[in-house]
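Engineer: First, the structure itself, so that you have it in front of you.
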Amino acid sequence: MTTLTVVAAWAFLVVLVTAQDPMHRKFEYKHSFRAPNLAQRDGSIPFWMITGDAIASGEQLRLAPSMRSRKGIAWNKRAMTESEHFEIDMSFKVTGQGRIGADGLALWYTAQQGTLGPVFGSNDYWTGMGLMFDSFDNDGQKNNPFVALMINDGTRSYDHQTDGSQQMLSGCQRDFRNKPFPVRVKVSYYKNVLTVLMHDGMTAQPRYELCIRAENIFLPRNGYFGISAATGGLADDHDVTDFSVYSLFAEQRQQAAQQQMPQEEKQKYDQEFEKQMQDFESQRQKFKEAHPDKAKDDEEEDFAKYFEDATARELRLIYESQTAIHQVMQQMETKLREISQQQNTHTSMLQQGGGHVPQQGGAPPAQGALMQHEKNEMLQSLRDLTASIRDMKNYVNEIFTRSYNIEQKLNQGGAGGAVQQDPSVKAYLESIQNDLRQLKSQQQVGGNKSVCDNIPCLSSTLFMVICALQSAVILAFVYFRSKSDKAKFY
């Protein structure tokens with residue numbers, strides 16, 4: 001019983017597998033690029049648009065260099081009209097000196113071509129798919145580097161503070177920085193199922209592991225492929241070495257059967273082609289007979305006249321560049337010869353008479369006119385005189401300003417003293433004035449009478465003695481006072 005059950009199960013699986021149509025894929029070169037010979041000599045990639053800080057070379061496409069606040073994008077110029085289902089095989093490298101990098105790289109499939117913007121170098125509010133390779137931990141969850149899948153309908157904005165967690169559909173944590181080999185990612189979209197497989201970059205041969213699988217994904221038809229990268233306060237080199245796109249088909253046999261031409265119609269076209277070839281050969285023979293000098297054999301036809309190989313093209317470019325250099329050298333030699341002739345002419349005229357050398361194309365100066373050096377001396381004298389007058393004017397203005405300021409200060413000081421005069425001082429001065437008037441009147445009345453009748457007189461000797469005694473007392477007091485303070489301190 002058990003054997004029959006196993007056999008029945010295997011038979012059911014075989015029938016189920018054979019009933020499914022195998023999936024076929026076709027390489028689309030107009031949507032792809034890969035090394036070597038990734039870019040042309042002018043730095044462009046066929047069928048791709050490069051903008052921002054992105055630089056394309058023969059071995060890689062550097063979207064963002066290891067410099068702060070850089071961004072670059074690359075978008076396919078042609079829409080994906082070959083098939084609704086596709087597969088992307090991309091190889092990239094993210095390298096930096098620090099343990100932490102920023103910001104990351106993104107792979108896009110959108111309804112319109114992208115432009116430079118804040119979302120890993122591309123614009124926000126996109127319509128379609130965005131696969132983010134985020135290398136910097138903005139939300140502090142310590143889960144970076146992280147690979148996130150985001151689907152947008154053109155109405156939602158990417159939140160950098162949360163690393164787009166509210167908009168993220170699915171994701172996985174994968175370390176893709178500073179790997180010895182390029183990291184490979186394979187994105188396939190088939191029958192509304194999106195699958196993302198990743199290689200860790202530790203071996204040369206890819207070993208894919210499942211990262212994301214999402215069902216019921218509806219992407220826009222005839223979309224555009226794109227890649228972008230950006231750096232922030234930290235910086236990494238973001239390089240893409242391979243971007244291959246394949247269109248997926250599940251009904252290849254049926255399409256080949258439909259496209260196959262019927263046998264009768266094929267025979268009809270073959271007969272018509274043979275007839276046309278026979279007519280062509282007959283016309284060719286007639287032309288050879290009519291014009292034997294112009295006719296040539298098939299072996300003698302010179303294809304080099306119509307086609308130019310790489311070696312001939314390089315030789316032609318070298319010859320043209322050498323010819324251009326030779327022409328420039330001839331022109332320089334002619335100019336040098338003219339300059340040498342002019343110098344010889346000037347030298348001979350100066351040796352003969354020391355007079356003025358007429359300029360080329362001009363008439364000699366008239367007799368009695370000013371020489372050029374005299375004019376220069378007069379102009380220099382006028383400039384010096386003008387500078388001296390200007391200095392004198394500035395000096396006079398400075399003197400006037402200082403005088404005016406002094407006068408203002410004096411006026412203000414006088415007015416302030418009159419207003420702020422102390423009444424006691426004023427009374428004391430008036431008393432002194434009264435005493436002086438009284439003394440004067442007494443002198444006039446008394447004549448030769450002694451002035452010290454009512455006022456006790458004091459001689460100068462007695463005044464000096466009193467001042468000396470008073471000074472000695474003050475010094476003694478200060479001395480004893482300081483001595484007592486010292487004793488008290490100790």
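Lettering and numbering for the structure tokens are positional, with chains as A, B, ... in the shown order, residues counted from 1 in each chain, and ligands counted from 1 in the shown order.
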Excluding same-chain residues fewer than 4 positions from region 237-249 of chain A, what lies within 7 Å of it counting only C-alpha atoms, as a PyMOL selection string?
Structural biologist: chain A and resi 23-28+31-35+59-66+82-83+85-96+229
Engineer: Can you write just those residues out, C-alpha atoms, as a PDB file, in the first residue's frame?
Structural biologist:
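What ended up in result.pdb:
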```pdb
ATOM      1  CA  MET A  23      10.416  29.693 -18.645  1.00  0.00           C
ATOM      2  CA  HIS A  24      12.755  31.048 -21.304  1.00  0.00           C
ATOM      3  CA  ARG A  25      14.752  34.253 -21.181  1.00  0.00           C
ATOM      4  CA  LYS A  26      16.319  36.507 -23.815  1.00  0.00           C
ATOM      5  CA  PHE A  27      19.167  38.946 -23.301  1.00  0.00           C
ATOM      6  CA  GLU A  28      18.181  42.576 -23.974  1.00  0.00           C
ATOM      7  CA  HIS A  31      18.722  47.751 -21.524  1.00  0.00           C
ATOM      8  CA  SER A  32      22.085  46.405 -20.335  1.00  0.00           C
ATOM      9  CA  PHE A  33      25.764  47.228 -19.936  1.00  0.00           C
ATOM     10  CA  ARG A  34      28.717  45.220 -18.690  1.00  0.00           C
ATOM     11  CA  ALA A  35      32.505  45.315 -18.483  1.00  0.00           C
ATOM     12  CA  GLU A  59      35.541  48.673 -16.356  1.00  0.00           C
ATOM     13  CA  GLN A  60      32.820  50.140 -14.127  1.00  0.00           C
ATOM     14  CA  LEU A  61      30.179  52.797 -13.597  1.00  0.00           C
ATOM     15  CA  ARG A  62      30.939  54.819 -10.452  1.00  0.00           C
ATOM     16  CA  LEU A  63      27.629  56.274  -9.355  1.00  0.00           C
ATOM     17  CA  ALA A  64      28.941  58.145  -6.286  1.00  0.00           C
ATOM     18  CA  PRO A  65      32.611  58.607  -5.307  1.00  0.00           C
ATOM     19  CA  SER A  66      33.927  58.421  -1.752  1.00  0.00           C
ATOM     20  CA  GLU A  82       9.930  43.564 -25.110  1.00  0.00           C
ATOM     21  CA  SER A  83       8.139  41.722 -22.307  1.00  0.00           C
ATOM     22  CA  HIS A  85       8.322  39.886 -17.241  1.00  0.00           C
ATOM     23  CA  PHE A  86      12.024  40.458 -16.763  1.00  0.00           C
ATOM     24  CA  GLU A  87      15.119  39.430 -14.851  1.00  0.00           C
ATOM     25  CA  ILE A  88      17.957  41.722 -13.724  1.00  0.00           C
ATOM     26  CA  ASP A  89      21.424  40.398 -12.959  1.00  0.00           C
ATOM     27  CA  MET A  90      23.531  43.165 -11.380  1.00  0.00           C
ATOM     28  CA  SER A  91      27.065  43.139  -9.961  1.00  0.00           C
ATOM     29  CA  PHE A  92      28.213  45.995  -7.750  1.00  0.00           C
ATOM     30  CA  LYS A  93      30.865  46.972  -5.214  1.00  0.00           C
ATOM     31  CA  VAL A  94      30.496  49.287  -2.213  1.00  0.00           C
ATOM     32  CA  THR A  95      33.886  50.032  -0.654  1.00  0.00           C
ATOM     33  CA  GLY A  96      35.007  52.510   1.984  1.00  0.00           C
ATOM     34  CA  ALA A 229      23.696  56.096  -5.317  1.00  0.00           C
TER      35      ALA A 229
END
```
Engineer: For Met202 (chain A), which of A:Gln278, A:Gln438, A:Asn178, A:Thr323 is the closest residue, counting only C-alpha atoms?
Structural biologist: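 Distance minimum relative to Met202 (chain A) lands on A:Asn178.
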Engineer: Please identify all polymer residues within 8 Å of region 114-129 of chain A, counting only C-alpha atoms, omitting same-chain residues fewer than 3 positions from it, and present them as a CSV table (one decimal) with all heavy atoms, in the first residue's frame.
Structural biologist:
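Final output, saved to part_35.csv:
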```csv
chain,number,residue,atom,x,y,z
A,51,THR,N,23.8,61.1,-15.1
A,51,THR,CA,23.7,62.5,-14.6
A,51,THR,C,24.3,62.5,-13.2
A,51,THR,O,24.4,61.5,-12.5
A,51,THR,CB,22.2,62.9,-14.5
A,51,THR,OG1,21.6,62.5,-15.8
A,51,THR,CG2,22.0,64.4,-14.3
A,52,GLY,N,24.6,63.8,-12.8
A,52,GLY,CA,25.1,64.0,-11.4
A,52,GLY,C,26.6,63.7,-11.3
A,52,GLY,O,27.4,64.1,-12.2
A,71,LYS,N,26.0,62.5,-5.3
A,71,LYS,CA,24.9,61.7,-5.8
A,71,LYS,C,25.0,61.5,-7.3
A,71,LYS,O,25.5,62.5,-8.0
A,71,LYS,CB,23.6,62.2,-5.4
A,71,LYS,CG,23.3,63.6,-6.0
A,71,LYS,CD,21.9,64.1,-5.5
A,71,LYS,CE,21.8,64.4,-4.0
A,71,LYS,NZ,20.6,65.0,-3.7
A,72,GLY,N,24.7,60.4,-7.8
A,72,GLY,CA,24.7,60.2,-9.3
A,72,GLY,C,23.7,59.1,-9.6
A,72,GLY,O,23.3,58.2,-8.9
A,73,ILE,N,23.1,59.2,-10.9
A,73,ILE,CA,22.1,58.3,-11.4
A,73,ILE,C,22.4,57.9,-12.8
A,73,ILE,O,23.2,58.6,-13.5
A,73,ILE,CB,20.7,58.9,-11.3
A,73,ILE,CG1,20.6,60.2,-12.2
A,73,ILE,CG2,20.3,59.3,-9.9
A,73,ILE,CD1,19.2,60.8,-12.3
A,75,TRP,N,20.0,56.1,-16.0
A,75,TRP,CA,18.7,55.6,-16.4
A,75,TRP,C,18.7,55.2,-17.8
A,75,TRP,O,19.4,55.8,-18.7
A,75,TRP,CB,17.6,56.7,-16.2
A,75,TRP,CG,17.3,56.9,-14.8
A,75,TRP,CD1,17.9,57.7,-13.8
A,75,TRP,CD2,16.2,56.2,-14.1
A,75,TRP,NE1,17.2,57.6,-12.6
A,75,TRP,CE2,16.2,56.7,-12.7
A,75,TRP,CE3,15.2,55.3,-14.5
A,75,TRP,CZ2,15.3,56.2,-11.8
A,75,TRP,CZ3,14.3,54.8,-13.5
A,75,TRP,CH2,14.4,55.3,-12.2
A,103,ASP,N,25.6,56.6,1.7
A,103,ASP,CA,24.3,56.3,2.2
A,103,ASP,C,23.9,54.9,1.7
A,103,ASP,O,23.3,54.1,2.4
A,103,ASP,CB,23.3,57.3,1.8
A,103,ASP,CG,23.3,58.5,2.7
A,103,ASP,OD1,23.7,58.4,3.9
A,103,ASP,OD2,23.0,59.6,2.3
A,104,GLY,N,24.1,54.7,0.4
A,104,GLY,CA,23.8,53.4,-0.2
A,104,GLY,C,23.5,53.5,-1.7
A,104,GLY,O,23.7,54.6,-2.4
A,105,LEU,N,22.9,52.5,-2.2
A,105,LEU,CA,22.7,52.3,-3.7
A,105,LEU,C,21.2,51.8,-3.8
A,105,LEU,O,20.7,51.2,-3.0
A,105,LEU,CB,23.7,51.3,-4.2
A,105,LEU,CG,23.7,51.0,-5.7
A,105,LEU,CD1,25.1,50.9,-6.2
A,105,LEU,CD2,23.0,49.7,-6.0
A,106,ALA,N,20.6,52.1,-5.0
A,106,ALA,CA,19.3,51.7,-5.3
A,106,ALA,C,19.1,51.3,-6.7
A,106,ALA,O,19.8,51.8,-7.6
A,106,ALA,CB,18.3,52.9,-5.0
A,108,TRP,N,16.1,50.6,-9.6
A,108,TRP,CA,14.8,51.1,-9.9
A,108,TRP,C,14.2,50.5,-11.1
A,108,TRP,O,14.9,50.1,-12.1
A,108,TRP,CB,14.8,52.7,-10.1
A,108,TRP,CG,15.5,53.4,-9.0
A,108,TRP,CD1,16.8,53.8,-8.9
A,108,TRP,CD2,14.9,53.9,-7.8
A,108,TRP,NE1,17.0,54.5,-7.8
A,108,TRP,CE2,15.9,54.6,-7.1
A,108,TRP,CE3,13.5,53.9,-7.3
A,108,TRP,CZ2,15.6,55.2,-5.9
A,108,TRP,CZ3,13.3,54.5,-6.1
A,108,TRP,CH2,14.3,55.2,-5.4
A,109,TYR,N,12.8,50.4,-11.1
A,109,TYR,CA,12.0,50.1,-12.3
A,109,TYR,C,10.8,50.9,-12.1
A,109,TYR,O,9.9,50.6,-11.3
A,109,TYR,CB,11.7,48.6,-12.4
A,109,TYR,CG,10.8,48.3,-13.6
A,109,TYR,CD1,11.3,48.2,-14.9
A,109,TYR,CD2,9.4,48.0,-13.4
A,109,TYR,CE1,10.5,48.0,-15.9
A,109,TYR,CE2,8.6,47.7,-14.5
A,109,TYR,CZ,9.1,47.7,-15.7
A,109,TYR,OH,8.3,47.5,-16.8
A,110,THR,N,10.7,52.0,-12.9
A,110,THR,CA,9.6,53.0,-12.7
A,110,THR,C,8.9,53.3,-14.0
A,110,THR,O,9.4,53.0,-15.1
A,110,THR,CB,10.2,54.3,-12.1
A,110,THR,OG1,11.2,54.8,-12.9
A,110,THR,CG2,10.8,54.0,-10.7
A,111,ALA,N,7.8,54.0,-13.9
A,111,ALA,CA,7.0,54.3,-15.0
A,111,ALA,C,7.7,55.4,-15.8
A,111,ALA,O,7.5,55.5,-17.1
A,111,ALA,CB,5.6,54.7,-14.6
A,149,LEU,N,12.8,46.3,-0.1
A,149,LEU,CA,12.0,46.4,-1.3
A,149,LEU,C,10.8,47.4,-1.0
A,149,LEU,O,10.1,47.2,0.0
A,149,LEU,CB,11.5,45.0,-1.7
A,149,LEU,CG,10.5,45.0,-2.9
A,149,LEU,CD1,11.1,45.5,-4.2
A,149,LEU,CD2,9.9,43.6,-3.1
A,150,MET,N,10.7,48.4,-1.9
A,150,MET,CA,9.6,49.4,-1.7
A,150,MET,C,8.9,49.6,-3.0
A,150,MET,O,9.5,49.7,-4.1
A,150,MET,CB,10.2,50.7,-1.3
A,150,MET,CG,11.0,50.6,0.1
A,150,MET,SD,11.6,52.2,0.6
A,150,MET,CE,12.6,51.6,2.0
A,151,ILE,N,7.6,49.6,-2.9
A,151,ILE,CA,6.7,49.8,-4.0
A,151,ILE,C,5.9,51.1,-3.8
A,151,ILE,O,5.3,51.3,-2.7
A,151,ILE,CB,5.7,48.6,-4.2
A,151,ILE,CG1,6.4,47.3,-4.4
A,151,ILE,CG2,4.8,48.9,-5.5
A,151,ILE,CD1,7.3,47.2,-5.6
A,152,ASN,N,5.9,52.0,-4.7
A,152,ASN,CA,5.3,53.3,-4.6
A,152,ASN,C,4.4,53.6,-5.7
A,152,ASN,O,4.7,53.2,-6.9
A,152,ASN,CB,6.3,54.4,-4.4
A,152,ASN,CG,5.8,55.7,-3.8
A,152,ASN,OD1,4.6,55.8,-3.7
A,152,ASN,ND2,6.7,56.6,-3.5
A,153,ASP,N,3.3,54.2,-5.5
A,153,ASP,CA,2.3,54.6,-6.5
A,153,ASP,C,2.4,56.1,-6.9
A,153,ASP,O,1.5,56.6,-7.5
A,153,ASP,CB,0.9,54.3,-6.1
A,153,ASP,CG,0.5,54.9,-4.8
A,153,ASP,OD1,1.4,55.6,-4.2
A,153,ASP,OD2,-0.6,54.8,-4.3
A,154,GLY,N,3.5,56.7,-6.4
A,154,GLY,CA,3.7,58.1,-6.7
A,154,GLY,C,3.1,59.1,-5.8
A,154,GLY,O,3.1,60.3,-6.0
A,155,THR,N,2.5,58.6,-4.6
A,155,THR,CA,1.8,59.5,-3.7
A,155,THR,C,2.5,59.5,-2.3
A,155,THR,O,2.2,60.4,-1.5
A,155,THR,CB,0.4,59.1,-3.5
A,155,THR,OG1,0.4,57.7,-3.0
A,155,THR,CG2,-0.4,59.2,-4.8
A,156,ARG,N,3.4,58.6,-2.1
A,156,ARG,CA,4.1,58.5,-0.8
A,156,ARG,C,5.5,58.9,-0.9
A,156,ARG,O,6.2,58.7,-1.9
A,156,ARG,CB,4.0,57.1,-0.2
A,156,ARG,CG,2.6,56.6,0.1
A,156,ARG,CD,2.6,55.2,0.7
A,156,ARG,NE,2.9,54.2,-0.4
A,156,ARG,CZ,3.1,52.9,-0.2
A,156,ARG,NH1,2.9,52.4,1.0
A,156,ARG,NH2,3.4,52.1,-1.2
A,157,SER,N,6.0,59.5,0.3
A,157,SER,CA,7.3,60.1,0.3
A,157,SER,C,8.2,59.2,1.2
A,157,SER,O,7.8,58.5,2.1
A,157,SER,CB,7.3,61.5,0.9
A,157,SER,OG,8.7,62.0,1.1
A,158,TYR,N,9.5,59.1,0.8
A,158,TYR,CA,10.4,58.2,1.5
A,158,TYR,C,10.9,58.9,2.8
A,158,TYR,O,11.3,60.1,2.7
A,158,TYR,CB,11.6,57.9,0.6
A,158,TYR,CG,12.7,57.1,1.2
A,158,TYR,CD1,12.5,55.7,1.3
A,158,TYR,CD2,13.8,57.6,1.8
A,158,TYR,CE1,13.5,54.9,1.9
A,158,TYR,CE2,14.8,56.9,2.4
A,158,TYR,CZ,14.6,55.5,2.4
A,158,TYR,OH,15.6,54.7,3.0
A,219,LEU,N,3.7,45.8,-11.2
A,219,LEU,CA,4.5,46.9,-11.7
A,219,LEU,C,4.0,47.5,-13.0
A,219,LEU,O,3.3,46.8,-13.7
A,219,LEU,CB,6.0,46.3,-11.9
A,219,LEU,CG,6.7,45.7,-10.7
A,219,LEU,CD1,8.0,45.2,-11.1
A,219,LEU,CD2,6.8,46.7,-9.6
A,220,PRO,N,4.3,48.7,-13.2
A,220,PRO,CA,3.9,49.4,-14.5
A,220,PRO,C,4.4,48.8,-15.7
A,220,PRO,O,5.6,48.3,-15.7
A,220,PRO,CB,4.3,50.8,-14.3
A,220,PRO,CG,5.5,50.8,-13.3
A,220,PRO,CD,5.2,49.6,-12.4
A,226,GLY,N,16.8,51.8,-13.9
A,226,GLY,CA,17.7,52.8,-13.4
A,226,GLY,C,18.4,52.4,-12.2
A,226,GLY,O,18.0,51.5,-11.4
A,228,SER,N,21.0,54.3,-8.9
A,228,SER,CA,21.4,55.5,-8.3
A,228,SER,C,22.2,55.2,-7.0
A,228,SER,O,22.1,54.1,-6.5
A,228,SER,CB,20.3,56.4,-8.1
A,228,SER,OG,19.4,55.9,-7.1
A,229,ALA,N,22.9,56.2,-6.6
A,229,ALA,CA,23.7,56.1,-5.3
A,229,ALA,C,23.9,57.5,-4.8
A,229,ALA,O,23.9,58.5,-5.5
A,229,ALA,CB,25.0,55.4,-5.5
A,230,ALA,N,24.2,57.6,-3.5
A,230,ALA,CA,24.4,58.8,-2.8
A,230,ALA,C,25.3,58.6,-1.6
A,230,ALA,O,25.3,57.5,-1.0
A,230,ALA,CB,23.1,59.5,-2.4
A,231,THR,N,26.0,59.7,-1.2
A,231,THR,CA,26.8,59.7,0.1
A,231,THR,C,26.3,60.9,0.9
A,231,THR,O,25.7,61.8,0.4
A,231,THR,CB,28.3,59.9,-0.3
A,231,THR,OG1,28.5,61.1,-1.0
A,231,THR,CG2,28.8,58.7,-1.1
```
Engineer: What's the separation between CA of Gly171 (chain A) and CA of Pro22 (chain A), in Å to one decimal place?
Structural biologist: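 Spanning CA of Gly171 (chain A) to CA of Pro22 (chain A) is a straight-line distance of 28.4 Å.
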Engineer: DSSP on the backbone, then: every residue of region 90-331 of chain A marked helix (DSSP H, G or I), written as number ranges by chain.
Structural biologist: A: 252-259, 263-290, 303-305, 310-331
